[in-house]
file query-v2.cif (mmCIF, C-alpha atoms)
data_upload
loop_
_atom_site.group_PDB
_atom_site.id
_atom_site.type_symbol
_atom_site.label_atom_id
_atom_site.label_comp_id
_atom_site.auth_asym_id
_atom_site.auth_seq_id
_atom_site.Cartn_x
_atom_site.Cartn_y
_atom_site.Cartn_z
ATOM 1 C CA MET A 4 14.910 -34.762 12.133
ATOM 2 C CA PRO A 5 11.961 -37.232 12.125
ATOM 3 C CA TRP A 6 12.911 -40.913 12.484
ATOM 4 C CA TYR A 7 11.958 -41.826 8.919
ATOM 5 C CA GLN A 8 14.165 -39.126 7.402
ATOM 6 C CA HIS A 9 17.134 -40.361 9.410
ATOM 7 C CA ILE A 10 16.608 -44.085 8.747
ATOM 8 C CA PHE A 11 15.453 -43.944 5.133
ATOM 9 C CA ARG A 12 17.305 -40.804 3.952
ATOM 10 C CA ALA A 13 13.888 -39.448 3.024
ATOM 11 C CA ALA A 14 13.420 -35.971 1.609
ATOM 12 C CA GLY A 15 10.768 -35.275 4.224
ATOM 13 C CA PRO A 16 7.592 -33.245 3.832
ATOM 14 C CA ALA A 17 7.136 -29.885 2.190
ATOM 15 C CA PRO A 18 6.666 -26.992 4.629
ATOM 16 C CA ASP A 19 3.076 -26.580 5.835
ATOM 17 C CA GLY A 20 1.036 -24.529 3.401
ATOM 18 C CA GLU A 21 3.281 -25.271 0.430
ATOM 19 C CA PRO A 22 2.802 -27.794 -2.413
ATOM 20 C CA GLY A 23 5.181 -30.693 -2.907
ATOM 21 C CA SER A 24 8.479 -30.195 -4.734
ATOM 22 C CA TRP A 25 11.571 -32.053 -5.955
ATOM 23 C CA VAL A 26 14.782 -31.732 -3.985
ATOM 24 C CA SER A 27 16.757 -31.289 -7.227
ATOM 25 C CA ASP A 28 16.584 -31.714 -10.991
ATOM 26 C CA ALA A 29 18.735 -34.834 -10.660
ATOM 27 C CA ALA A 30 16.238 -36.361 -8.214
ATOM 28 C CA ARG A 31 13.380 -35.655 -10.613
ATOM 29 C CA GLU A 32 15.271 -37.202 -13.525
ATOM 30 C CA LYS A 33 16.123 -40.326 -11.512
ATOM 31 C CA PHE A 34 12.485 -40.725 -10.511
ATOM 32 C CA THR A 35 11.234 -40.124 -14.054
ATOM 33 C CA ALA A 36 13.442 -42.886 -15.454
ATOM 34 C CA ALA A 37 12.078 -45.384 -12.898
ATOM 35 C CA TYR A 38 8.539 -44.107 -13.456
ATOM 36 C CA ASP A 39 8.697 -44.643 -17.218
ATOM 37 C CA ARG A 40 10.056 -48.178 -16.758
ATOM 38 C CA ALA A 41 7.331 -49.064 -14.246
ATOM 39 C CA PHE A 42 4.552 -48.418 -16.753
ATOM 40 C CA ALA A 43 5.765 -51.297 -18.897
ATOM 41 C CA SER A 44 3.528 -53.391 -16.617
ATOM 42 C CA TRP A 45 0.360 -51.513 -17.574
ATOM 43 C CA PRO A 46 -1.807 -53.009 -20.337
ATOM 44 C CA GLU A 47 -1.666 -51.507 -23.806
ATOM 45 C CA PRO A 48 -2.807 -49.353 -25.448
ATOM 46 C CA ARG A 49 -2.149 -46.944 -22.609
ATOM 47 C CA GLU A 50 -2.659 -43.213 -22.999
ATOM 48 C CA GLU A 51 -0.764 -40.609 -20.984
ATOM 49 C CA PHE A 52 -1.746 -36.948 -20.885
ATOM 50 C CA ASP A 53 -1.974 -33.884 -18.653
ATOM 51 C CA VAL A 54 -5.148 -32.147 -17.504
ATOM 52 C CA GLU A 55 -5.022 -28.460 -16.617
ATOM 53 C CA THR A 56 -7.064 -27.284 -13.627
ATOM 54 C CA ALA A 57 -7.012 -24.154 -11.491
ATOM 55 C CA THR A 58 -4.561 -25.523 -8.909
ATOM 56 C CA ALA A 59 -2.500 -28.122 -10.778
ATOM 57 C CA ILE A 60 -1.403 -29.807 -13.960
ATOM 58 C CA THR A 61 -2.421 -33.414 -13.313
ATOM 59 C CA ARG A 62 -0.846 -36.396 -15.070
ATOM 60 C CA VAL A 63 -3.427 -39.002 -16.112
ATOM 61 C CA HIS A 64 -2.942 -42.515 -17.486
ATOM 62 C CA ALA A 65 -5.883 -44.045 -19.327
ATOM 63 C CA TYR A 66 -6.720 -47.549 -20.464
ATOM 64 C CA ARG A 67 -10.002 -47.542 -22.336
ATOM 65 C CA PRO A 68 -10.445 -50.395 -24.798
ATOM 66 C CA GLN A 69 -14.166 -49.669 -24.452
ATOM 67 C CA PRO A 70 -14.264 -45.874 -24.236
ATOM 68 C CA GLY A 71 -18.017 -45.675 -23.623
ATOM 69 C CA GLY A 72 -19.492 -45.866 -20.161
ATOM 70 C CA ALA A 73 -18.908 -44.157 -16.865
ATOM 71 C CA PRO A 74 -15.225 -43.738 -16.007
ATOM 72 C CA LEU A 75 -13.407 -45.636 -13.262
ATOM 73 C CA VAL A 76 -10.970 -43.248 -11.586
ATOM 74 C CA LEU A 77 -8.063 -44.681 -9.567
ATOM 75 C CA LEU A 78 -6.800 -42.675 -6.578
ATOM 76 C CA SER A 79 -3.500 -43.760 -5.021
ATOM 77 C CA GLY A 80 -2.290 -43.752 -1.442
ATOM 78 C CA ALA A 81 -0.166 -40.925 -0.047
ATOM 79 C CA GLY A 82 3.222 -40.798 -1.727
ATOM 80 C CA GLY A 83 2.124 -43.245 -4.402
ATOM 81 C CA ASN A 84 1.457 -42.973 -8.106
ATOM 82 C CA THR A 85 -0.564 -44.625 -10.842
ATOM 83 C CA ALA A 86 2.098 -47.175 -11.828
ATOM 84 C CA ALA A 87 1.202 -49.389 -8.855
ATOM 85 C CA TRP A 88 -2.343 -49.998 -10.161
ATOM 86 C CA TYR A 89 -1.139 -52.254 -12.984
ATOM 87 C CA PRO A 90 -2.597 -55.518 -11.517
ATOM 88 C CA TYR A 91 -6.064 -53.946 -11.499
ATOM 89 C CA VAL A 92 -6.322 -51.980 -14.730
ATOM 90 C CA ALA A 93 -7.146 -54.616 -17.379
ATOM 91 C CA ALA A 94 -9.763 -56.320 -15.199
ATOM 92 C CA LEU A 95 -11.438 -53.069 -14.135
ATOM 93 C CA ALA A 96 -11.650 -51.933 -17.767
ATOM 94 C CA GLU A 97 -14.387 -54.551 -18.190
ATOM 95 C CA ALA A 98 -16.631 -52.123 -16.296
ATOM 96 C CA GLY A 99 -15.641 -48.975 -18.192
ATOM 97 C CA PRO A 100 -12.734 -46.742 -19.218
ATOM 98 C CA VAL A 101 -10.035 -46.587 -16.524
ATOM 99 C CA TYR A 102 -8.180 -43.408 -15.567
ATOM 100 C CA GLY A 103 -5.252 -43.444 -13.147
ATOM 101 C CA ILE A 104 -4.677 -40.099 -11.443
ATOM 102 C CA ASP A 105 -1.264 -38.930 -10.251
ATOM 103 C CA MET A 106 -2.113 -36.864 -7.180
ATOM 104 C CA PRO A 107 -0.481 -33.408 -7.259
ATOM 105 C CA GLY A 108 1.759 -32.970 -4.226
ATOM 106 C CA ASP A 109 3.085 -36.539 -4.405
ATOM 107 C CA PRO A 110 6.147 -37.820 -6.314
ATOM 108 C CA ASN A 111 4.962 -38.038 -9.908
ATOM 109 C CA PRO A 112 4.903 -35.789 -12.997
ATOM 110 C CA SER A 113 1.870 -33.750 -11.839
ATOM 111 C CA VAL A 114 2.683 -30.109 -11.075
ATOM 112 C CA PRO A 115 0.854 -28.557 -8.115
ATOM 113 C CA ARG A 116 0.383 -24.796 -8.037
ATOM 114 C CA ALA A 117 -1.138 -24.778 -4.567
ATOM 115 C CA PRO A 118 -1.732 -27.281 -1.762
ATOM 116 C CA ILE A 119 -4.625 -29.657 -2.407
ATOM 117 C CA ALA A 120 -4.549 -31.700 0.798
ATOM 118 C CA PRO A 121 -7.094 -29.483 2.651
ATOM 119 C CA PRO A 122 -10.519 -31.145 2.233
ATOM 120 C CA ALA A 123 -12.196 -28.264 0.392
ATOM 121 C CA ALA A 124 -9.215 -27.716 -1.915
ATOM 122 C CA CYS A 125 -8.990 -31.443 -2.668
ATOM 123 C CA ALA A 126 -12.681 -31.647 -3.545
ATOM 124 C CA ALA A 127 -12.502 -28.576 -5.796
ATOM 125 C CA TRP A 128 -9.453 -29.928 -7.669
ATOM 126 C CA LEU A 129 -10.971 -33.382 -8.213
ATOM 127 C CA ASP A 130 -14.382 -32.032 -9.200
ATOM 128 C CA GLU A 131 -12.798 -29.900 -11.920
ATOM 129 C CA LEU A 132 -10.635 -32.809 -13.066
ATOM 130 C CA LEU A 133 -13.574 -35.241 -13.254
ATOM 131 C CA GLY A 134 -15.519 -32.727 -15.310
ATOM 132 C CA LYS A 135 -12.705 -32.618 -17.862
ATOM 133 C CA LEU A 136 -12.375 -36.408 -18.059
ATOM 134 C CA SER A 137 -16.018 -37.212 -18.766
ATOM 135 C CA ASP A 138 -19.518 -35.804 -18.780
ATOM 136 C CA ARG A 139 -20.664 -38.840 -16.764
ATOM 137 C CA PRO A 140 -20.313 -39.369 -12.997
ATOM 138 C CA ALA A 141 -17.250 -41.440 -12.114
ATOM 139 C CA HIS A 142 -16.761 -44.562 -10.062
ATOM 140 C CA LEU A 143 -13.966 -43.592 -7.679
ATOM 141 C CA VAL A 144 -11.606 -46.377 -6.572
ATOM 142 C CA GLY A 145 -9.239 -45.258 -3.823
ATOM 143 C CA PHE A 146 -6.526 -47.031 -1.857
ATOM 144 C CA SER A 147 -5.537 -45.800 1.630
ATOM 145 C CA TYR A 148 -5.321 -41.979 1.374
ATOM 146 C CA GLY A 149 -7.022 -42.286 -2.009
ATOM 147 C CA GLY A 150 -9.961 -43.836 -0.165
ATOM 148 C CA TRP A 151 -10.187 -40.729 1.989
ATOM 149 C CA VAL A 152 -10.068 -38.595 -1.175
ATOM 150 C CA ALA A 153 -13.008 -40.594 -2.585
ATOM 151 C CA MET A 154 -15.076 -40.234 0.585
ATOM 152 C CA ASN A 155 -14.218 -36.552 0.874
ATOM 153 C CA GLN A 156 -15.470 -36.086 -2.694
ATOM 154 C CA ALA A 157 -18.708 -37.952 -1.991
ATOM 155 C CA VAL A 158 -19.319 -35.659 0.996
ATOM 156 C CA ARG A 159 -18.219 -32.293 -0.405
ATOM 157 C CA ALA A 160 -18.789 -32.516 -4.180
ATOM 158 C CA PRO A 161 -20.915 -35.579 -4.973
ATOM 159 C CA GLY A 162 -22.321 -34.344 -8.274
ATOM 160 C CA ARG A 163 -19.708 -36.106 -10.415
ATOM 161 C CA VAL A 164 -19.497 -39.268 -8.256
ATOM 162 C CA ALA A 165 -21.361 -42.475 -9.210
ATOM 163 C CA SER A 166 -19.910 -44.746 -6.492
ATOM 164 C CA VAL A 167 -16.905 -45.139 -4.212
ATOM 165 C CA THR A 168 -14.766 -48.246 -3.779
ATOM 166 C CA LEU A 169 -12.560 -47.954 -0.708
ATOM 167 C CA LEU A 170 -9.504 -50.230 -0.508
ATOM 168 C CA ASP A 171 -8.204 -50.277 3.069
ATOM 169 C CA PRO A 172 -9.030 -46.569 3.291
ATOM 170 C CA ALA A 173 -7.669 -43.856 5.512
ATOM 171 C CA GLY A 174 -10.196 -41.580 7.172
ATOM 172 C CA LEU A 175 -12.234 -44.171 9.050
ATOM 173 C CA THR A 176 -9.928 -44.868 11.999
ATOM 174 C CA LEU A 177 -7.071 -43.017 13.654
ATOM 175 C CA PRO A 178 -3.709 -44.660 12.868
ATOM 176 C CA ASP A 179 -2.294 -46.081 16.096
ATOM 177 C CA ALA A 180 1.117 -47.189 17.325
ATOM 178 C CA GLU A 181 0.679 -50.593 15.680
ATOM 179 C CA PHE A 182 0.203 -48.971 12.267
ATOM 180 C CA PHE A 183 3.348 -46.866 12.581
ATOM 181 C CA ARG A 184 5.267 -49.921 13.808
ATOM 182 C CA TRP A 185 4.091 -51.823 10.717
ATOM 183 C CA LEU A 186 5.120 -48.869 8.540
ATOM 184 C CA ARG A 187 8.664 -48.853 9.953
ATOM 185 C CA ILE A 188 9.079 -52.615 9.677
ATOM 186 C CA THR A 189 7.800 -52.870 6.107
ATOM 187 C CA GLY A 190 9.909 -49.897 5.038
ATOM 188 C CA LEU A 191 13.046 -51.549 6.398
ATOM 189 C CA ALA A 192 12.022 -54.890 4.878
ATOM 190 C CA THR A 193 11.917 -53.390 1.380
ATOM 191 C CA LEU A 194 15.640 -52.614 1.733
ATOM 192 C CA ALA A 195 16.618 -56.149 2.766
ATOM 193 C CA PRO A 196 18.470 -58.491 0.372
ATOM 194 C CA MET A 197 16.007 -60.387 -1.785
ATOM 195 C CA PRO A 198 16.303 -63.819 -0.082
ATOM 196 C CA LEU A 199 15.456 -62.239 3.294
ATOM 197 C CA ARG A 200 12.877 -59.942 1.707
ATOM 198 C CA ARG A 201 10.965 -62.932 0.346
ATOM 199 C CA ARG A 202 10.619 -64.339 3.861
ATOM 200 C CA LEU A 203 9.612 -60.951 5.253
ATOM 201 C CA ALA A 204 7.051 -60.444 2.485
ATOM 202 C CA ARG A 205 5.351 -63.694 3.494
ATOM 203 C CA ARG A 206 5.543 -62.828 7.189
ATOM 204 C CA LEU A 207 4.175 -59.312 6.693
ATOM 205 C CA ASP A 208 1.673 -60.387 4.012
ATOM 206 C CA THR A 209 3.025 -57.656 1.727
ATOM 207 C CA PRO A 210 3.864 -59.206 -1.661
ATOM 208 C CA GLY A 211 4.431 -55.846 -3.343
ATOM 209 C CA MET A 212 7.852 -55.477 -1.731
ATOM 210 C CA LEU A 213 9.141 -58.209 -4.068
ATOM 211 C CA GLU A 214 8.573 -56.079 -7.165
ATOM 212 C CA ARG A 215 11.953 -54.533 -7.906
ATOM 213 C CA GLY A 216 10.710 -51.904 -10.328
ATOM 214 C CA GLN A 217 7.997 -50.674 -7.983
ATOM 215 C CA MET A 218 10.431 -50.554 -5.046
ATOM 216 C CA THR A 219 13.010 -48.621 -7.075
ATOM 217 C CA LEU A 220 10.295 -46.138 -8.013
ATOM 218 C CA MET A 221 9.039 -45.857 -4.421
ATOM 219 C CA TRP A 222 12.470 -45.088 -3.007
ATOM 220 C CA ALA A 223 13.262 -42.595 -5.771
ATOM 221 C CA GLY A 224 10.119 -40.726 -4.713
ATOM 222 C CA ILE A 225 10.741 -40.968 -0.962
ATOM 223 C CA ARG A 226 14.316 -39.690 -1.298
ATOM 224 C CA GLY A 227 13.764 -37.195 -4.095
ATOM 225 C CA TYR A 228 10.458 -35.448 -3.413
ATOM 226 C CA ARG A 229 9.170 -33.294 -0.572
ATOM 227 C CA ILE A 230 5.604 -34.576 -0.328
ATOM 228 C CA GLU A 231 2.751 -32.255 0.567
ATOM 229 C CA PRO A 232 1.802 -33.229 4.148
ATOM 230 C CA LYS A 233 -1.326 -35.400 4.290
ATOM 231 C CA LYS A 234 -3.433 -35.182 7.433
ATOM 232 C CA PRO A 235 -6.746 -36.779 6.478
ATOM 233 C CA GLY A 236 -9.331 -36.155 9.137
ATOM 234 C CA ILE A 237 -11.450 -38.999 10.478
ATOM 235 C CA LEU A 238 -14.902 -38.772 8.941
ATOM 236 C CA THR A 239 -17.650 -38.375 11.496
ATOM 237 C CA ASP A 240 -20.695 -40.647 11.598
ATOM 238 C CA ASP A 241 -22.780 -37.781 10.192
ATOM 239 C CA GLU A 242 -20.348 -37.298 7.296
ATOM 240 C CA LEU A 243 -20.543 -41.005 6.489
ATOM 241 C CA ARG A 244 -24.343 -40.836 6.562
ATOM 242 C CA ALA A 245 -24.123 -38.000 4.028
ATOM 243 C CA ILE A 246 -22.460 -40.280 1.443
ATOM 244 C CA SER A 247 -25.495 -41.210 -0.610
ATOM 245 C CA VAL A 248 -23.707 -42.990 -3.478
ATOM 246 C CA PRO A 249 -23.121 -46.763 -3.313
ATOM 247 C CA ALA A 250 -19.956 -47.732 -1.442
ATOM 248 C CA LEU A 251 -17.825 -50.870 -1.429
ATOM 249 C CA LEU A 252 -15.333 -51.152 1.441
ATOM 250 C CA ILE A 253 -12.619 -53.796 1.035
ATOM 251 C CA THR A 254 -10.116 -54.340 3.817
ATOM 252 C CA GLY A 255 -7.276 -56.793 4.317
ATOM 253 C CA ALA A 256 -7.757 -59.352 7.070
ATOM 254 C CA GLN A 257 -4.302 -58.431 8.429
ATOM 255 C CA SER A 258 -4.529 -54.682 7.855
ATOM 256 C CA ALA A 259 -2.615 -52.565 10.364
ATOM 257 C CA LEU A 260 -4.781 -49.546 9.523
ATOM 258 C CA ILE A 261 -8.337 -50.793 10.014
ATOM 259 C CA THR A 262 -9.513 -54.087 11.483
ATOM 260 C CA PRO A 263 -12.428 -56.029 9.952
ATOM 261 C CA GLU A 264 -14.530 -55.156 13.006
ATOM 262 C CA GLU A 265 -13.749 -51.445 12.647
ATOM 263 C CA ALA A 266 -14.507 -51.592 8.919
ATOM 264 C CA ARG A 267 -17.938 -53.137 9.518
ATOM 265 C CA ASP A 268 -18.723 -50.682 12.312
ATOM 266 C CA ARG A 269 -17.832 -47.548 10.320
ATOM 267 C CA ALA A 270 -19.487 -48.862 7.155
ATOM 268 C CA SER A 271 -22.725 -49.346 9.090
ATOM 269 C CA HIS A 272 -23.138 -45.558 8.980
ATOM 270 C CA LEU A 273 -22.992 -45.479 5.170
ATOM 271 C CA PRO A 274 -26.522 -45.565 3.709
ATOM 272 C CA ASN A 275 -25.661 -47.958 0.856
ATOM 273 C CA ALA A 276 -22.525 -49.950 1.635
ATOM 274 C CA GLU A 277 -21.042 -53.399 1.178
ATOM 275 C CA VAL A 278 -18.055 -54.691 3.156
ATOM 276 C CA ALA A 279 -15.610 -57.400 2.097
ATOM 277 C CA VAL A 280 -12.694 -58.735 4.139
ATOM 278 C CA VAL A 281 -10.055 -60.362 1.929
ATOM 279 C CA PRO A 282 -6.625 -61.956 2.504
ATOM 280 C CA GLY A 283 -3.867 -59.379 2.748
ATOM 281 C CA SER A 284 -2.596 -56.383 4.659
ATOM 282 C CA HIS A 285 -2.401 -52.626 4.196
ATOM 283 C CA GLY A 286 0.638 -53.352 2.051
ATOM 284 C CA GLY A 287 -1.418 -55.191 -0.550
ATOM 285 C CA PHE A 288 -4.086 -57.788 -1.124
ATOM 286 C CA SER A 289 -3.023 -61.397 -1.641
ATOM 287 C CA GLU A 290 -5.742 -62.340 -4.134
ATOM 288 C CA ILE A 291 -6.039 -59.360 -6.456
ATOM 289 C CA GLY A 292 -8.078 -61.322 -9.006
ATOM 290 C CA ASP A 293 -10.816 -61.785 -6.418
ATOM 291 C CA VAL A 294 -10.669 -58.107 -5.470
ATOM 292 C CA ASN A 295 -10.972 -57.109 -9.137
ATOM 293 C CA ASN A 296 -13.996 -59.377 -9.571
ATOM 294 C CA ARG A 297 -15.680 -57.831 -6.545
ATOM 295 C CA ILE A 298 -15.094 -54.293 -7.784
ATOM 296 C CA VAL A 299 -16.337 -55.014 -11.313
ATOM 297 C CA ALA A 300 -19.438 -56.810 -10.028
ATOM 298 C CA PHE A 301 -20.181 -53.920 -7.651
ATOM 299 C CA ILE A 302 -19.804 -51.250 -10.342
ATOM 300 C CA ASN A 303 -21.779 -53.200 -12.943
ATOM 301 C CA ALA A 304 -24.608 -53.862 -10.495
ATOM 302 C CA HIS A 305 -24.963 -50.208 -9.657
ATOM 303 C CA ALA A 306 -24.538 -49.103 -13.267
ATOM 304 C CA VAL A 307 -27.554 -51.281 -14.125
ATOM 305 C CA GLY A 308 -29.475 -49.805 -11.208
ATOM 306 C CA GLN A 309 -28.660 -46.236 -12.269
ATOM 307 C CA GLN A 310 -29.749 -46.947 -15.852
ATOM 308 C CA ALA A 311 -33.016 -48.441 -14.611
ATOM 309 C CA ALA A 312 -33.643 -45.378 -12.440
ATOM 310 C CA GLN A 313 -33.095 -43.107 -15.425
ATOM 311 C CA LEU A 314 -35.511 -45.137 -17.547
ATOM 312 C CA THR A 315 -38.257 -45.027 -14.926
ATOM 313 C CA ARG A 316 -37.784 -41.344 -14.119
ATOM 314 C CA PRO A 317 -40.784 -39.311 -15.415
ATOM 315 C CA PRO A 318 -39.950 -37.030 -18.312
ATOM 316 C CA THR A 319 -39.444 -33.363 -17.596
ATOM 317 C CA THR A 320 -41.712 -30.835 -19.189
ATOM 318 C CA LYS A 321 -40.750 -27.409 -20.391
ATOM 319 C CA THR A 322 -42.873 -24.434 -19.502
#

call {"tool": "encode", "arguments": {"input": "query-v2.cif", "output": "structure tokens"}}
result
Amino acid sequence: MPWYQHIFRAAGPAPDGEPGSWVSDAAREKFTAAYDRAFASWPEPREEFDVETATAITRVHAYRPQPGGAPLVLLSGAGGNTAAWYPYVAALAEAGPVYGIDMPGDPNPSVPRAPIAPPAACAAWLDELLGKLSDRPAHLVGFSYGGWVAMNQAVRAPGRVASVTLLDPAGLTLPDAEFFRWLRITGLATLAPMPLRRRLARRLDTPGMLERGQMTLMWAGIRGYRIEPKKPGILTDDELRAISVPALLITGAQSALITPEEARDRASHLPNAEVAVVPGSHGGFSEIGDVNNRIVAFINAHAVGQQAAQLTRPPTTKT
């Protein structure tokens, strides 16, 4: 039994080649109750609906007070779900309609019919999903594994991608012993009594562990769902050079996954990239308002540039 299953009483991964699944109906019901409560933090009016694609039924949460414009699509880290994006949603909606995607194969209401972790399968699923959400290319905003999903899309199926915003993304560096040490320590810290947890949250620069509802939801997923194994490959320099859409890479100054120096080095291979190093760790950014402002400014700047390019493009003629 892997260490994390023994220590955390985790359900463990699904067998290789199989989609994720619940360990029992009771586990799914326990998770669903915590999931529904967690969305009380999202801004209203929030819409919740399912999108049917060839390989999954995908749960989507939308906040679109201004429904026009290119969509902003939020892609969570491995094992996560859309509820955790609540501090970002209202601010990002200033740039366009926001859609939070519950990744099939992770603990959430989405129903996978086949594995979607393989790069080609992931790109095919997301391309079909984006086409059903909007007829305009989307600004993809991905955290951790969701950052890899965004980059994978920009490499393999860029037609529906307007830009990528990468928040401490996987896929640029190989996780090392320090990352897995951080993962064990933060996991244990989330189970500590609240007075001790507050001190640990400051020490680890991970404020999210103080949110009771989010932690209850996280543990219900870890213990109740067999996640589809995620093994995101490290993108090569040539693959990064192939990402032609604008990219914004934001990393935490104390990130255990990617250092500021590594972020700048890998981003140097992206043809059109900006890099920002902000306070925080892989467990969360300390100044989310600043991060939101950076993302909105980035998307708005490139939306203006895309509109200008369309206006200056010579008209096509029919023969």

call {"tool": "closest_atom_pairs", "arguments": {"input": "query-v2.cif", "of": "segment 192-243 of chain A", "to": "segment 22-37 of chain A", "cutoff": "8 Å", "atoms": "all atoms listed in the file", "output": "JSON lines"}}
result
{"residue": "A:Gly216", "atom": "CA", "partner": "A:Ala37", "partner_atom": "CA", "distance": 7.1}
{"residue": "A:Thr219", "atom": "CA", "partner": "A:Ala37", "partner_atom": "CA", "distance": 6.7}
{"residue": "A:Leu220", "atom": "CA", "partner": "A:Ala37", "partner_atom": "CA", "distance": 5.3}
{"residue": "A:Ala223", "atom": "CA", "partner": "A:Phe34", "partner_atom": "CA", "distance": 5.2}
{"residue": "A:Gly224", "atom": "CA", "partner": "A:Phe34", "partner_atom": "CA", "distance": 6.3}
{"residue": "A:Arg226", "atom": "CA", "partner": "A:Ala30", "partner_atom": "CA", "distance": 7.9}
{"residue": "A:Gly227", "atom": "CA", "partner": "A:Ala30", "partner_atom": "CA", "distance": 4.9}
{"residue": "A:Tyr228", "atom": "CA", "partner": "A:Trp25", "partner_atom": "CA", "distance": 4.4}
{"residue": "A:Arg229", "atom": "CA", "partner": "A:Ser24", "partner_atom": "CA", "distance": 5.2}
{"residue": "A:Ile230", "atom": "CA", "partner": "A:Gly23", "partner_atom": "CA", "distance": 4.7}
{"residue": "A:Glu231", "atom": "CA", "partner": "A:Gly23", "partner_atom": "CA", "distance": 4.5}

call {"tool": "atom_distance", "arguments": {"input": "query-v2.cif", "atom1": "atom CA of Ala123 of chain A", "atom2": "atom CA of Asp179 of chain A"}}
result
25.7 Å

call {"tool": "closest_residue", "arguments": {"input": "query-v2.cif", "among": "A:Leu186, A:Ala256, A:Val152, A:Leu77", "to": "Ala120 of chain A", "atoms": "all atoms listed in the file"}}
result
A:Val152

call {"tool": "resolve_selection", "arguments": {"input": "query-v2.cif", "expression": "the PyMOL selection byres ((chain A and resi 201-209) around 9)", "output": "JSON, numbers by chain"}}
result
{"A": [185, 188, 189, 192, 193, 195, 196, 197, 198, 199, 200, 210, 211, 212, 213, 257, 282, 283, 284, 285, 286, 287, 288, 289]}

call {"tool": "atom_distance", "arguments": {"input": "query-v2.cif", "atom1": "atom CA of Leu170 of chain A", "atom2": "atom CA of Ile253 of chain A"}}
result
5.0 Å

call {"tool": "atom_distance", "arguments": {"input": "query-v2.cif", "atom1": "atom CA of Arg67 of chain A", "atom2": "atom CA of Ala93 of chain A"}}
result
9.1 Å

call {"tool": "closest_residue", "arguments": {"input": "query-v2.cif", "among": "A:Thr176, A:Gln217, A:Thr239, A:Asn303", "to": "Pro263 of chain A", "atoms": "all atoms listed in the file"}}
result
A:Thr176

call {"tool": "residues_around", "arguments": {"input": "query-v2.cif", "residues": "Ala96 of chain A", "least_positions_apart": "4", "cutoff": "10 Å", "atoms": "only C-alpha atoms", "output": "ChimeraX atom specification"}}
result
/A:65-70,74-75,91-92,100-102,299

call {"tool": "resolve_selection", "arguments": {"input": "query-v2.cif", "expression": "the PyMOL selection byres ((chain A and resi 116) around 6)", "output": "list in words"}}
result
Thr58, Ala59, Pro115 and Ala117 of chain A

call {"tool": "resolve_selection", "arguments": {"input": "query-v2.cif", "expression": "the PyMOL selection byres ((chain A and resi 142) around 7)", "output": "PyMOL selection string"}}
result
chain A and resi 74-76+140-141+143-144+164-167

call {"tool": "axis_aligned_box", "arguments": {"input": "query-v2.cif", "around": "segment 265-269 of chain A", "padding_each_side": "5 Å", "output": "AutoDock Vina command-line options"}}
result
--center_x -16.2 --center_y -50.3 --center_z 10.8 --size_x 15.0 --size_y 15.6 --size_z 13.7

call {"tool": "closest_residue", "arguments": {"input": "query-v2.cif", "among": "A:Ser79, A:His64, A:Arg49, A:Ala94", "to": "Gly292 of chain A", "atoms": "all atoms listed in the file"}}
result
A:Ala94

call {"tool": "closest_residue", "arguments": {"input": "query-v2.cif", "among": "A:Gly72, A:Leu260, A:Gly236, A:Val294", "to": "Ala180 of chain A", "atoms": "only C-alpha atoms"}}
result
A:Leu260

call {"tool": "closest_residue", "arguments": {"input": "query-v2.cif", "among": "A:Pro249, A:Gly174, A:Gly190, A:Gly15", "to": "Pro122 of chain A", "atoms": "all atoms listed in the file"}}
result
A:Gly174

call {"tool": "residues_near_point", "arguments": {"input": "query-v2.cif", "point": "(-16.2, -38.0, 8.7)", "cutoff": "9 Å", "atoms": "only C-alpha atoms", "output": "PDB file with C-alpha atoms, in the coordinates of the input"}}
result
ATOM      1  CA  MET A 154     -15.076 -40.234   0.585  1.00  0.00           C
ATOM      2  CA  ASN A 155     -14.218 -36.552   0.874  1.00  0.00           C
ATOM      3  CA  VAL A 158     -19.319 -35.659   0.996  1.00  0.00           C
ATOM      4  CA  GLY A 174     -10.196 -41.580   7.172  1.00  0.00           C
ATOM      5  CA  LEU A 175     -12.234 -44.171   9.050  1.00  0.00           C
ATOM      6  CA  GLY A 236      -9.331 -36.155   9.137  1.00  0.00           C
ATOM      7  CA  ILE A 237     -11.450 -38.999  10.478  1.00  0.00           C
ATOM      8  CA  LEU A 238     -14.902 -38.772   8.941  1.00  0.00           C
ATOM      9  CA  THR A 239     -17.650 -38.375  11.496  1.00  0.00           C
ATOM     10  CA  ASP A 240     -20.695 -40.647  11.598  1.00  0.00           C
ATOM     11  CA  ASP A 241     -22.780 -37.781  10.192  1.00  0.00           C
ATOM     12  CA  GLU A 242     -20.348 -37.298   7.296  1.00  0.00           C
ATOM     13  CA  LEU A 243     -20.543 -41.005   6.489  1.00  0.00           C
ATOM     14  CA  ARG A 244     -24.343 -40.836   6.562  1.00  0.00           C
TER      15      ARG A 244
END

call {"tool": "residues_near_point", "arguments": {"input": "query-v2.cif", "point": "(-23.5, -43.8, -6.3)", "cutoff": "12 Å", "atoms": "only C-alpha atoms", "output": "PyMOL selection string"}}
result
chain A and resi 73+139-143+153-154+156-158+161-168+245-251+273-276+301-310+312

call {"tool": "residues_around", "arguments": {"input": "query-v2.cif", "residues": "Ala57 of chain A", "least_positions_apart": "6", "cutoff": "12 Å", "atoms": "all atoms listed in the file", "output": "MDAnalysis selection string"}}
result
chainID A and resid 114:119 124:125 127:132

call {"tool": "closest_residue", "arguments": {"input": "query-v2.cif", "among": "A:Ser44, A:Ser113, A:Thr262, A:Thr85", "to": "Glu214 of chain A", "atoms": "only C-alpha atoms"}}
result
A:Ser44
